[in-house]
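Structure file coords_5.cif (mmCIF, C-alpha atoms) is printed below.
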```cif
data_start
loop_
_atom_site.group_PDB
_atom_site.id
_atom_site.type_symbol
_atom_site.label_atom_id
_atom_site.label_comp_id
_atom_site.auth_asym_id
_atom_site.auth_seq_id
_atom_site.Cartn_x
_atom_site.Cartn_y
_atom_site.Cartn_z
ATOM 1 C CA SER A 320 -13.800 10.656 -2.971
ATOM 2 C CA LYS A 321 -15.177 12.029 0.271
ATOM 3 C CA PHE A 322 -11.655 13.240 0.946
ATOM 4 C CA VAL A 323 -11.631 15.392 -2.208
ATOM 5 C CA LYS A 324 -15.154 16.667 -1.460
ATOM 6 C CA LYS A 325 -13.988 17.820 1.970
ATOM 7 C CA ILE A 326 -11.098 19.737 0.408
ATOM 8 C CA LEU A 327 -13.266 21.342 -2.262
ATOM 9 C CA THR A 328 -15.917 22.504 0.211
ATOM 10 C CA HIS A 329 -13.163 23.865 2.453
ATOM 11 C CA TRP A 330 -12.002 25.912 -0.542
ATOM 12 C CA GLY A 331 -15.507 27.310 -0.960
ATOM 13 C CA MET A 332 -17.158 25.127 -3.582
ATOM 14 C CA PRO A 333 -20.848 24.618 -2.769
ATOM 15 C CA GLU A 334 -21.404 21.153 -1.307
ATOM 16 C CA GLU A 335 -24.553 20.576 -3.383
ATOM 17 C CA LYS A 336 -22.493 20.852 -6.596
ATOM 18 C CA ILE A 337 -20.239 17.936 -5.635
ATOM 19 C CA ILE A 338 -21.196 14.326 -6.251
ATOM 20 C CA VAL A 339 -19.103 11.618 -4.599
ATOM 21 C CA LEU A 340 -18.769 8.460 -6.654
ATOM 22 C CA PRO A 341 -17.598 5.841 -4.151
ATOM 23 C CA HIS A 342 -14.580 3.695 -4.826
ATOM 24 C CA PHE A 343 -15.336 0.186 -5.928
ATOM 25 C CA ASN A 344 -13.534 -3.058 -6.566
ATOM 26 C CA PRO A 345 -14.570 -4.296 -10.006
ATOM 27 C CA PHE A 346 -13.062 -7.724 -9.342
ATOM 28 C CA GLY A 347 -15.158 -8.487 -6.267
ATOM 29 C CA HIS A 348 -12.321 -10.121 -4.302
ATOM 30 C CA ASN A 349 -10.792 -8.931 -1.104
ATOM 31 C CA PHE A 350 -8.754 -9.988 1.868
ATOM 32 C CA GLN A 351 -11.783 -10.229 4.222
ATOM 33 C CA GLY A 352 -9.560 -10.534 7.295
ATOM 34 C CA LYS A 353 -8.764 -14.187 6.557
ATOM 35 C CA ARG A 354 -5.372 -15.805 6.546
ATOM 36 C CA TYR A 355 -4.261 -16.075 2.961
ATOM 37 C CA SER A 356 -2.251 -18.605 1.020
ATOM 38 C CA PHE A 357 1.224 -17.753 -0.109
ATOM 39 C CA SER A 358 2.454 -19.657 -3.126
ATOM 40 C CA VAL A 359 6.145 -18.821 -3.492
ATOM 41 C CA ALA A 360 9.148 -19.542 -1.317
ATOM 42 C CA GLU A 361 10.054 -15.935 -0.582
ATOM 43 C CA SER A 362 7.926 -13.790 1.695
ATOM 44 C CA TYR A 363 7.730 -10.169 0.564
ATOM 45 C CA ALA A 364 5.693 -6.983 0.672
ATOM 46 C CA LEU A 365 5.314 -5.168 -2.635
ATOM 47 C CA TYR A 366 5.566 -1.443 -3.255
ATOM 48 C CA ALA A 367 4.827 -0.277 -6.803
ATOM 49 C CA GLY A 368 5.189 3.308 -7.950
ATOM 50 C CA LYS A 369 7.574 6.228 -7.908
ATOM 51 C CA ILE A 370 10.430 5.493 -5.540
ATOM 52 C CA SER A 371 10.846 8.752 -3.684
ATOM 53 C CA LYS A 372 10.750 10.385 -0.271
ATOM 54 C CA GLU A 373 7.581 12.168 -1.366
ATOM 55 C CA LYS A 374 5.845 8.766 -1.630
ATOM 56 C CA GLY A 375 7.224 7.642 1.743
ATOM 57 C CA VAL A 376 9.507 4.981 0.343
ATOM 58 C CA ASP A 377 12.253 6.056 2.758
ATOM 59 C CA THR A 378 9.864 5.223 5.614
ATOM 60 C CA LEU A 379 9.047 1.830 4.080
ATOM 61 C CA VAL A 380 12.741 1.038 3.650
ATOM 62 C CA ASP A 381 13.459 1.988 7.252
ATOM 63 C CA ILE A 382 10.594 -0.190 8.515
ATOM 64 C CA PHE A 383 11.388 -3.236 6.399
ATOM 65 C CA MET A 384 15.092 -3.197 7.241
ATOM 66 C CA HIS A 385 13.878 -4.333 10.692
ATOM 67 C CA VAL A 386 11.077 -6.751 9.751
ATOM 68 C CA LYS A 387 12.097 -10.381 10.169
ATOM 69 C CA GLY A 388 10.795 -12.899 7.688
ATOM 70 C CA MET A 389 9.586 -10.543 4.966
ATOM 71 C CA ARG A 390 11.439 -8.465 2.405
ATOM 72 C CA LEU A 391 10.323 -5.259 0.706
ATOM 73 C CA TYR A 392 10.226 -5.435 -3.096
ATOM 74 C CA LEU A 393 10.361 -2.017 -4.766
ATOM 75 C CA ALA A 394 8.998 -1.795 -8.320
ATOM 76 C CA GLY A 395 9.272 1.500 -10.154
ATOM 77 C CA GLU A 396 11.584 4.248 -11.224
ATOM 78 C CA ILE A 397 13.864 5.882 -8.678
ATOM 79 C CA GLU A 398 13.586 9.620 -8.261
ATOM 80 C CA LYS A 399 16.883 11.408 -8.770
ATOM 81 C CA GLY A 400 18.729 11.681 -5.469
ATOM 82 C CA PHE A 401 16.907 8.808 -3.745
ATOM 83 C CA ASP A 402 19.288 6.109 -2.544
ATOM 84 C CA ILE A 403 18.163 2.557 -1.878
ATOM 85 C CA PRO A 404 20.365 1.016 0.796
ATOM 86 C CA ASN A 405 22.192 -2.223 0.173
ATOM 87 C CA HIS A 406 20.301 -4.376 2.669
ATOM 88 C CA PRO A 407 19.163 -8.020 2.412
ATOM 89 C CA ASN A 408 15.542 -7.079 3.223
ATOM 90 C CA ILE A 409 15.285 -4.485 0.435
ATOM 91 C CA VAL A 410 15.023 -5.629 -3.197
ATOM 92 C CA TYR A 411 14.942 -3.088 -6.021
ATOM 93 C CA MET A 412 13.261 -4.527 -9.134
ATOM 94 C CA GLY A 413 13.318 -1.498 -11.430
ATOM 95 C CA PHE A 414 10.458 -0.816 -13.817
ATOM 96 C CA VAL A 415 8.138 -3.834 -14.074
ATOM 97 C CA GLU A 416 5.592 -4.306 -16.872
ATOM 98 C CA ALA A 417 1.931 -4.369 -15.771
ATOM 99 C CA ASP A 418 1.303 -8.106 -16.335
ATOM 100 C CA GLN A 419 4.482 -9.069 -14.501
ATOM 101 C CA LEU A 420 3.702 -6.599 -11.707
ATOM 102 C CA LEU A 421 0.293 -8.224 -11.270
ATOM 103 C CA GLU A 422 2.023 -11.585 -10.853
ATOM 104 C CA TYR A 423 4.360 -10.129 -8.215
ATOM 105 C CA MET A 424 1.315 -8.709 -6.475
ATOM 106 C CA ARG A 425 -0.449 -12.091 -6.517
ATOM 107 C CA ASN A 426 2.597 -13.766 -4.957
ATOM 108 C CA SER A 427 3.221 -11.117 -2.305
ATOM 109 C CA ARG A 428 2.199 -11.309 1.338
ATOM 110 C CA CYS A 429 0.789 -7.777 1.117
ATOM 111 C CA VAL A 430 0.895 -4.565 -0.888
ATOM 112 C CA VAL A 431 2.206 -1.454 0.862
ATOM 113 C CA SER A 432 2.273 2.313 0.496
ATOM 114 C CA GLY A 433 4.345 4.635 2.636
ATOM 115 C CA SER A 434 2.652 7.752 1.317
ATOM 116 C CA LYS A 435 1.284 10.273 3.774
ATOM 117 C CA LEU A 436 0.248 12.552 0.913
ATOM 118 C CA PRO A 437 -3.424 13.353 0.483
ATOM 119 C CA GLU A 438 -3.863 10.659 -2.179
ATOM 120 C CA THR A 439 -7.147 11.329 -3.949
ATOM 121 C CA PHE A 440 -7.923 7.821 -5.162
ATOM 122 C CA GLY A 441 -5.637 5.003 -3.972
ATOM 123 C CA LEU A 442 -5.650 2.750 -7.026
ATOM 124 C CA VAL A 443 -2.904 0.553 -5.566
ATOM 125 C CA ALA A 444 -5.224 -0.383 -2.686
ATOM 126 C CA LEU A 445 -7.905 -1.498 -5.160
ATOM 127 C CA GLU A 446 -5.327 -3.463 -7.134
ATOM 128 C CA ALA A 447 -4.254 -5.283 -3.956
ATOM 129 C CA MET A 448 -7.859 -6.139 -3.173
ATOM 130 C CA SER A 449 -8.408 -7.366 -6.736
ATOM 131 C CA VAL A 450 -5.876 -10.154 -6.189
ATOM 132 C CA GLY A 451 -6.935 -10.900 -2.617
ATOM 133 C CA LYS A 452 -3.948 -9.314 -0.888
ATOM 134 C CA PRO A 453 -4.140 -7.102 2.173
ATOM 135 C CA PHE A 454 -3.110 -3.483 1.707
ATOM 136 C CA LEU A 455 -1.026 -1.750 4.357
ATOM 137 C CA GLY A 456 -0.847 2.029 4.322
ATOM 138 C CA PHE A 457 -1.083 5.173 6.390
ATOM 139 C CA ASP A 458 -4.251 6.996 7.391
ATOM 140 C CA SER A 459 -4.101 9.630 4.675
ATOM 141 C CA GLY A 460 -6.170 10.767 1.739
ATOM 142 C CA ALA A 461 -8.744 8.335 0.409
ATOM 143 C CA TYR A 462 -7.170 5.103 1.738
ATOM 144 C CA PRO A 463 -9.540 4.946 4.758
ATOM 145 C CA GLU A 464 -12.500 5.117 2.342
ATOM 146 C CA ILE A 465 -11.217 2.125 0.383
ATOM 147 C CA ILE A 466 -9.704 -0.135 3.025
ATOM 148 C CA ARG A 467 -11.911 -1.609 5.702
ATOM 149 C CA HIS A 468 -9.386 -1.934 8.497
ATOM 150 C CA GLY A 469 -8.868 -5.593 9.408
ATOM 151 C CA LYS A 470 -10.886 -6.805 6.415
ATOM 152 C CA ASP A 471 -9.179 -5.508 3.269
ATOM 153 C CA GLY A 472 -5.925 -4.590 4.973
ATOM 154 C CA PHE A 473 -4.635 -2.260 7.639
ATOM 155 C CA ILE A 474 -4.505 1.505 8.025
ATOM 156 C CA ALA A 475 -1.749 2.726 10.333
ATOM 157 C CA GLU A 476 -1.801 5.987 12.253
ATOM 158 C CA ASN A 477 2.007 6.208 12.488
ATOM 159 C CA LYS A 478 5.293 4.502 11.627
ATOM 160 C CA LYS A 479 5.352 2.385 14.798
ATOM 161 C CA GLU A 480 1.861 1.022 14.128
ATOM 162 C CA PHE A 481 2.737 0.362 10.468
ATOM 163 C CA ALA A 482 5.850 -1.585 11.528
ATOM 164 C CA GLU A 483 3.768 -3.660 13.950
ATOM 165 C CA TYR A 484 1.250 -4.597 11.232
ATOM 166 C CA ALA A 485 4.138 -5.517 8.907
ATOM 167 C CA ARG A 486 5.689 -7.669 11.653
ATOM 168 C CA LYS A 487 2.380 -9.440 12.280
ATOM 169 C CA ILE A 488 1.863 -10.100 8.556
ATOM 170 C CA ALA A 489 5.412 -11.472 8.281
ATOM 171 C CA ALA A 490 4.846 -13.708 11.305
ATOM 172 C CA ARG A 491 1.468 -14.818 9.894
ATOM 173 C CA GLU A 492 -0.315 -13.601 13.001
ATOM 174 C CA ILE A 493 -2.860 -11.730 10.873
#
```
Serialized structure, structure tokens:
Amino acid sequence: SKFVKKILTHWGMPEEKIIVLPHFNPFGHNFQGKRYSFSVAESYALYAGKISKEKGVDTLVDIFMHVKGMRLYLAGEIEKGFDIPNHPNIVYMGFVEADQLLEYMRNSRCVVSGSKLPETFGLVALEAMSVGKPFLGFDSGAYPEIIRHGKDGFIAENKKEFAEYARKIAAREI
């Protein structure tokens, strides 16, 4: 990614020795900024991955405890010491097999990441696009290279902005 190239050149690697292979969506589908159909009764955002503070799941939990009309589904293994609060808007699913996870993704309102780490690839964003779901994440790492803000999803600068995008998705305003 361009993000990784920037880091490597900062560390002294000659720029001419680095080739950036852009991210792509092999499925050719994306959100395109259109309202999308939602086929199941429950409205939820999906997080899939390691459930930890490092991945910003505590931030997601805090945000979604206050979002009306949309729950946060957490799929993955919990890092030791991370506590998921008992709250009606937060649903812990545990480990979910890939084919079942894809079905949850298809039926979600959006796919989210709370990570502010310098993610080098952002596969979850591509997976969201592959099933036509908007991706909501923070402006970190390679996400801004993958997500065209307002077309494939939304990139938030901070927690307040993230919460506002989540609220708008829940209210079907975007």
Pull out every residue that the PyMOL selection byres ((chain A and resi 491) around 10) matches in the shown coordinates and put them as a PDB file with C-alpha atoms, keeping the file's coordinate frame.
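Written file, result_6.pdb:
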```
ATOM      1  CA  ARG A 354      -5.372 -15.805   6.546  1.00  0.00           C
ATOM      2  CA  TYR A 355      -4.261 -16.075   2.961  1.00  0.00           C
ATOM      3  CA  GLY A 388      10.795 -12.899   7.688  1.00  0.00           C
ATOM      4  CA  ARG A 428       2.199 -11.309   1.338  1.00  0.00           C
ATOM      5  CA  ALA A 485       4.138  -5.517   8.907  1.00  0.00           C
ATOM      6  CA  ARG A 486       5.689  -7.669  11.653  1.00  0.00           C
ATOM      7  CA  LYS A 487       2.380  -9.440  12.280  1.00  0.00           C
ATOM      8  CA  ILE A 488       1.863 -10.100   8.556  1.00  0.00           C
ATOM      9  CA  ALA A 489       5.412 -11.472   8.281  1.00  0.00           C
ATOM     10  CA  ALA A 490       4.846 -13.708  11.305  1.00  0.00           C
ATOM     11  CA  GLU A 492      -0.315 -13.601  13.001  1.00  0.00           C
ATOM     12  CA  ILE A 493      -2.860 -11.730  10.873  1.00  0.00           C
TER      13      ILE A 493
END
```
Q. Using all atoms listed in the file, which residues sit within 10 Å of segment 381-383 of chain A once same-chain residues fewer than 5 positions away are excluded, as JSON, numbers by chain?
A. {"A": [363, 364, 376, 388, 389, 390, 391, 392, 404, 406, 407, 408, 409, 433, 478, 479, 481, 482, 483, 485, 486]}
Q | Shell around Ala417 of chain A at 12 Å using all atoms listed in the file, local window under 5 positions removed, as a list of chain:residue names | A |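 Residues near the query, excluding close chain neighbours: A:Ala367, A:Gly368, A:Ala394, A:Gly395, A:Glu422, A:Tyr423, A:Met424, A:Glu446.
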Mind dumping the selected residues with C-alpha atoms as a CSV table (one decimal), in the frame of the given file?
```csv
chain,number,residue,atom,x,y,z
A,367,ALA,CA,4.8,-0.3,-6.8
A,368,GLY,CA,5.2,3.3,-8.0
A,394,ALA,CA,9.0,-1.8,-8.3
A,395,GLY,CA,9.3,1.5,-10.2
A,422,GLU,CA,2.0,-11.6,-10.9
A,423,TYR,CA,4.4,-10.1,-8.2
A,424,MET,CA,1.3,-8.7,-6.5
A,446,GLU,CA,-5.3,-3.5,-7.1
```
Q. With distances taken over all atoms listed in the file, which of A:Leu393, A:Leu379, A:Val386, A:Ala461 is nearest to Lys325 of chain A?
A. A:Ala461
Q: Check the smallest atom-to-atom distance from each of A:Tyr366, A:Phe401, A:Phe440, A:Phe414 to Leu455 of chain A using all atoms listed in the file, then report the winner.
A: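 The answer is A:Tyr366, which sits nearest to Leu455 of chain A.
The two atoms in question, atom CA of Glu361 of chain A and atom CA of Val410 of chain A, are spaced 11.7 Å apart.
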**Q.** Contact residues around Gly400 of chain A with only C-alpha atoms at 12 Å, ignoring same-chain residues under 6 positions, as a ChimeraX atom specification
**A.** /A:370-373,377
Q. For the atom pair atom CA of Val323 of chain A and atom CA of Gly460 of chain A, what is the interatomic distance in Å to one decimal place?
A. 8.2 Å
**Q.** Using only C-alpha atoms: which of A:Leu436, A:Ile338, A:Met448, A:Val380 has the shortest distance to Tyr411 of chain A
**A.** A:Val380
Q: Can you work out the spacing between atom CA of Glu464 of chain A and atom CA of Leu327 of chain A in Å, to one decimal?
A: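 Result for atom CA of Glu464 of chain A versus atom CA of Leu327 of chain A: 16.9 Å, one decimal.
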Q) Smallest atom-to-atom distance to Pro453 of chain A: which of A:Glu476, A:Glu438, A:Asp471, A:Glu334, using only C-alpha atoms? A)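 Looking only at the distances to Pro453 of chain A, the closest residue turns out to be A:Asp471.
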(Q) With distances taken over all atoms listed in the file, which residue among A:Met384, A:Ile465, A:Leu365, A:Ile337 lies nearest Gly441 of chain A? (A)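 Ranking A:Met384, A:Ile465, A:Leu365, A:Ile337 by distance to Gly441 of chain A, first place goes to A:Ile465.
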**Q.** Evaluate the PyMOL selection byres ((chain A and resi 466) around 12) and report residues as a count of residues only
**A.** 39
